[in-house]
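Engineer: Take this structure, written in structure tokens, and hold onto it; I'll ask about it next.
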Amino acid sequence: MMAANEEIYNRFIEKYPVAELHRQEYLEEAIREFLLTRYKIRIARARYEGRLFPELLIVETTCNIFGYLYVQHHSDNEFSLVQKTEFDRIARERIKVCYAELGRPVFFLHLFSGNDRPGIYFMTSEQIQDILLRKLEVGDTTPFYPEKGMMGEFDEFIRIVKGRN
């Protein structure tokens, strides 16, 4: 029996080719369309020139902003130290913005298309902040990079967002 996350991932990939998902704008539009057509979750786009704010807004049925969404595609199973270091730097910058200025939940959605458990996973800004703080407390200087085992699966993300709409 196929796991729910794998089934959702396969439905997503049927409609949106993996080869195109490396283009950030295409990925974001694909996720927006998929969430709207399949789950009736509306994602709006906002342009924040020169700011690190997430450009994708999760919109409630009342048109209020429930939260924010970052989306990223990972096609490899192994990542270089340079990739991990860059991801760590950007994640830290985004987490600072999340806590200093946004005041709403921020979800980091990761689509993995490699051979090892392909699927759509997520973490919240709170989870990432906790991980970064724990690393700091123990003096761990290795770059933070999302691991699937630490992340929630896409159907859980849907339940959280739908619970607010």
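Every chain in the structure tokens has a letter given in the order shown (A, B, ...), and although residue numbers restart at 1 in each chain, ligands are simply numbered from 1 in the order shown.
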Neighbours of region 124-132 of chain A within 7 Å (only C-alpha atoms; same-chain residues fewer than 2 positions away dropped), as a short mmCIF file (atom, residue, chain, number, x, y, z; two decimals) with C-alpha atoms, in the first residue's frame?
Structural biologist:
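Contents of the output file around32.cif:
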```cif
data_model
loop_
_atom_site.label_atom_id
_atom_site.label_comp_id
_atom_site.auth_asym_id
_atom_site.auth_seq_id
_atom_site.Cartn_x
_atom_site.Cartn_y
_atom_site.Cartn_z
CA ILE A 95 13.95 32.77 10.67
CA VAL A 106 5.64 30.33 8.42
CA PHE A 107 5.81 26.98 6.63
CA PHE A 108 8.83 25.75 4.72
CA PHE A 122 7.31 20.65 5.58
CA ARG A 134 19.82 23.46 20.06
CA LYS A 135 22.76 23.44 17.66
CA LEU A 136 23.98 26.72 19.13
#
```
Engineer: Neighbouring residues of Thr142 (chain A) were defined as those with any atom within 9 Å, considering only C-alpha atoms; residues of the same chain fewer than 2 positions away were excluded. Please report them as a VMD selection string.
Structural biologist: chain A and resid 84 to 85 135 140 144
Engineer: Could you pull out the residues in chain A that DSSP calls strand (DSSP E) from the backbone, as an MDAnalysis selection string?
Structural biologist: chainID A and resid 42:45 56:59 65:74 106:112 119:124 152:153
Engineer: For a quick check of understanding, using only C-alpha atoms, which of A:Ala4, A:Ile158, A:Tyr145, A:Tyr16 has the smallest distance to Asp88 (chain A)?
Structural biologist: A:Tyr145
Engineer: List as a VMD selection string the protein and nucleic acid residues near Phe157 (chain A), meaning an atom at most 9 Å away when only C-alpha atoms are counted, but skip any in the same chain fewer than 3 places from it.
Structural biologist: chain A and resid 107 109 121 to 123 152 to 154 160 to 162
Engineer: Under the rule that only C-alpha atoms are counted, which of A:Leu111, A:Val97, A:Val82, A:Ile13 is the nearest residue to Pro143 (chain A)?
Structural biologist: A:Val82
Engineer: Could you pull out all residues of region 34-153 of chain A with a DSSP call of alpha helix (DSSP H) and give them as a PyMOL selection string?
Structural biologist: chain A and resi 34-39+81-97+125-137
Engineer: Take the residues from that selection and put them in a file with N, CA and C atoms, as an mmCIF file, in the first residue's frame.
Structural biologist:
```
data_model
loop_
_atom_site.group_PDB
_atom_site.id
_atom_site.type_symbol
_atom_site.label_atom_id
_atom_site.label_comp_id
_atom_site.auth_asym_id
_atom_site.auth_seq_id
_atom_site.Cartn_x
_atom_site.Cartn_y
_atom_site.Cartn_z
ATOM 1 N N PHE A 34 -1.950 23.540 -7.354
ATOM 2 C CA PHE A 34 -2.240 22.232 -6.768
ATOM 3 C C PHE A 34 -3.036 22.383 -5.473
ATOM 4 N N LEU A 35 -2.618 23.293 -4.607
ATOM 5 C CA LEU A 35 -3.323 23.495 -3.343
ATOM 6 C C LEU A 35 -4.734 24.026 -3.564
ATOM 7 N N LEU A 36 -4.896 24.894 -4.534
ATOM 8 C CA LEU A 36 -6.222 25.460 -4.802
ATOM 9 C C LEU A 36 -7.153 24.428 -5.427
ATOM 10 N N THR A 37 -6.696 23.761 -6.478
ATOM 11 C CA THR A 37 -7.586 22.846 -7.190
ATOM 12 C C THR A 37 -7.867 21.561 -6.411
ATOM 13 N N ARG A 38 -6.905 21.051 -5.708
ATOM 14 C CA ARG A 38 -7.081 19.778 -5.013
ATOM 15 C C ARG A 38 -7.625 19.939 -3.594
ATOM 16 N N TYR A 39 -7.222 21.017 -2.902
ATOM 17 C CA TYR A 39 -7.555 21.152 -1.479
ATOM 18 C C TYR A 39 -8.319 22.434 -1.140
ATOM 19 N N LEU A 81 28.593 20.366 0.836
ATOM 20 C CA LEU A 81 28.749 21.261 1.978
ATOM 21 C C LEU A 81 28.404 22.692 1.582
ATOM 22 N N VAL A 82 28.743 23.089 0.362
ATOM 23 C CA VAL A 82 28.422 24.434 -0.115
ATOM 24 C C VAL A 82 26.902 24.630 -0.164
ATOM 25 N N GLN A 83 26.170 23.646 -0.685
ATOM 26 C CA GLN A 83 24.708 23.736 -0.739
ATOM 27 C C GLN A 83 24.122 23.815 0.664
ATOM 28 N N LYS A 84 24.628 22.977 1.569
ATOM 29 C CA LYS A 84 24.127 22.978 2.947
ATOM 30 C C LYS A 84 24.441 24.303 3.640
ATOM 31 N N THR A 85 25.633 24.832 3.424
ATOM 32 C CA THR A 85 26.025 26.097 4.043
ATOM 33 C C THR A 85 25.154 27.239 3.540
ATOM 34 N N GLU A 86 24.885 27.276 2.247
ATOM 35 C CA GLU A 86 24.037 28.318 1.673
ATOM 36 C C GLU A 86 22.608 28.199 2.194
ATOM 37 N N PHE A 87 22.089 26.977 2.268
ATOM 38 C CA PHE A 87 20.746 26.771 2.797
ATOM 39 C C PHE A 87 20.690 27.246 4.250
ATOM 40 N N ASP A 88 21.694 26.898 5.042
ATOM 41 C CA ASP A 88 21.764 27.286 6.444
ATOM 42 C C ASP A 88 21.746 28.814 6.586
ATOM 43 N N ARG A 89 22.541 29.503 5.784
ATOM 44 C CA ARG A 89 22.608 30.964 5.842
ATOM 45 C C ARG A 89 21.249 31.584 5.537
ATOM 46 N N ILE A 90 20.620 31.128 4.474
ATOM 47 C CA ILE A 90 19.323 31.675 4.076
ATOM 48 C C ILE A 90 18.252 31.337 5.115
ATOM 49 N N ALA A 91 18.265 30.112 5.639
ATOM 50 C CA ALA A 91 17.286 29.707 6.660
ATOM 51 C C ALA A 91 17.412 30.596 7.892
ATOM 52 N N ARG A 92 18.630 30.859 8.329
ATOM 53 C CA ARG A 92 18.837 31.714 9.506
ATOM 54 C C ARG A 92 18.310 33.130 9.254
ATOM 55 N N GLU A 93 18.562 33.666 8.078
ATOM 56 C CA GLU A 93 18.057 35.002 7.745
ATOM 57 C C GLU A 93 16.531 35.016 7.733
ATOM 58 N N ARG A 94 15.944 34.002 7.155
ATOM 59 C CA ARG A 94 14.479 33.936 7.080
ATOM 60 C C ARG A 94 13.863 33.767 8.463
ATOM 61 N N ILE A 95 14.481 32.981 9.309
ATOM 62 C CA ILE A 95 13.951 32.773 10.666
ATOM 63 C C ILE A 95 13.977 34.091 11.435
ATOM 64 N N LYS A 96 15.027 34.877 11.288
ATOM 65 C CA LYS A 96 15.083 36.184 11.957
ATOM 66 C C LYS A 96 13.904 37.052 11.520
ATOM 67 N N VAL A 97 13.620 37.077 10.238
ATOM 68 C CA VAL A 97 12.509 37.872 9.720
ATOM 69 C C VAL A 97 11.188 37.337 10.258
ATOM 70 N N SER A 125 8.595 27.461 10.974
ATOM 71 C CA SER A 125 9.681 28.337 11.420
ATOM 72 C C SER A 125 10.039 28.031 12.874
ATOM 73 N N GLU A 126 9.051 27.657 13.700
ATOM 74 C CA GLU A 126 9.324 27.316 15.093
ATOM 75 C C GLU A 126 10.219 26.090 15.195
ATOM 76 N N GLN A 127 9.947 25.077 14.383
ATOM 77 C CA GLN A 127 10.781 23.871 14.401
ATOM 78 C C GLN A 127 12.214 24.193 14.000
ATOM 79 N N ILE A 128 12.371 24.988 12.961
ATOM 80 C CA ILE A 128 13.712 25.331 12.498
ATOM 81 C C ILE A 128 14.440 26.161 13.559
ATOM 82 N N GLN A 129 13.733 27.106 14.161
ATOM 83 C CA GLN A 129 14.361 27.915 15.201
ATOM 84 C C GLN A 129 14.815 27.027 16.360
ATOM 85 N N ASP A 130 13.986 26.079 16.778
ATOM 86 C CA ASP A 130 14.370 25.166 17.859
ATOM 87 C C ASP A 130 15.630 24.384 17.501
ATOM 88 N N ILE A 131 15.693 23.902 16.281
ATOM 89 C CA ILE A 131 16.867 23.140 15.833
ATOM 90 C C ILE A 131 18.106 24.026 15.863
ATOM 91 N N LEU A 132 17.985 25.228 15.338
ATOM 92 C CA LEU A 132 19.126 26.145 15.306
ATOM 93 C C LEU A 132 19.580 26.514 16.713
ATOM 94 N N LEU A 133 18.644 26.728 17.634
ATOM 95 C CA LEU A 133 19.005 27.048 19.016
ATOM 96 C C LEU A 133 19.686 25.870 19.704
ATOM 97 N N ARG A 134 19.174 24.649 19.475
ATOM 98 C CA ARG A 134 19.817 23.459 20.062
ATOM 99 C C ARG A 134 21.236 23.294 19.532
ATOM 100 N N LYS A 135 21.425 23.532 18.249
ATOM 101 C CA LYS A 135 22.765 23.439 17.657
ATOM 102 C C LYS A 135 23.691 24.467 18.300
ATOM 103 N N LEU A 136 23.193 25.664 18.521
ATOM 104 C CA LEU A 136 23.982 26.723 19.134
ATOM 105 C C LEU A 136 24.367 26.359 20.569
ATOM 106 N N GLU A 137 23.403 25.818 21.325
ATOM 107 C CA GLU A 137 23.647 25.443 22.728
ATOM 108 C C GLU A 137 24.760 24.421 22.879
#
```
Engineer: Between CA of Gly149 (chain A) and CA of Glu25 (chain A), what is the spacing in Å?
Structural biologist: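 Here the two named atoms are 26.8 Å from each other.
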Engineer: Which residues are close to Glu28 (chain A), i.e. within 7 Å by only C-alpha atoms, leaving aside same-chain residues fewer than 4 positions away? Reply as a list in words.
Structural biologist: Gln24, Arg32 and Val71 of chain A
Engineer: Give the answer as one residue: which of A:Arg159, A:Tyr68, A:Lys15, A:Leu57 has the shortest atom-to-atom distance to Leu27 (chain A), using only C-alpha atoms?
Structural biologist: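 Of the candidates, the smallest distance to Leu27 (chain A) is held by A:Lys15.
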Engineer: Can you pull out the residues contacting Glu14 (chain A)? Cut-off 12 Å, using only C-alpha atoms, and skip same-chain residues under 6 positions away; I want them as number ranges by chain.
Structural biologist: A: 7-8, 30, 34
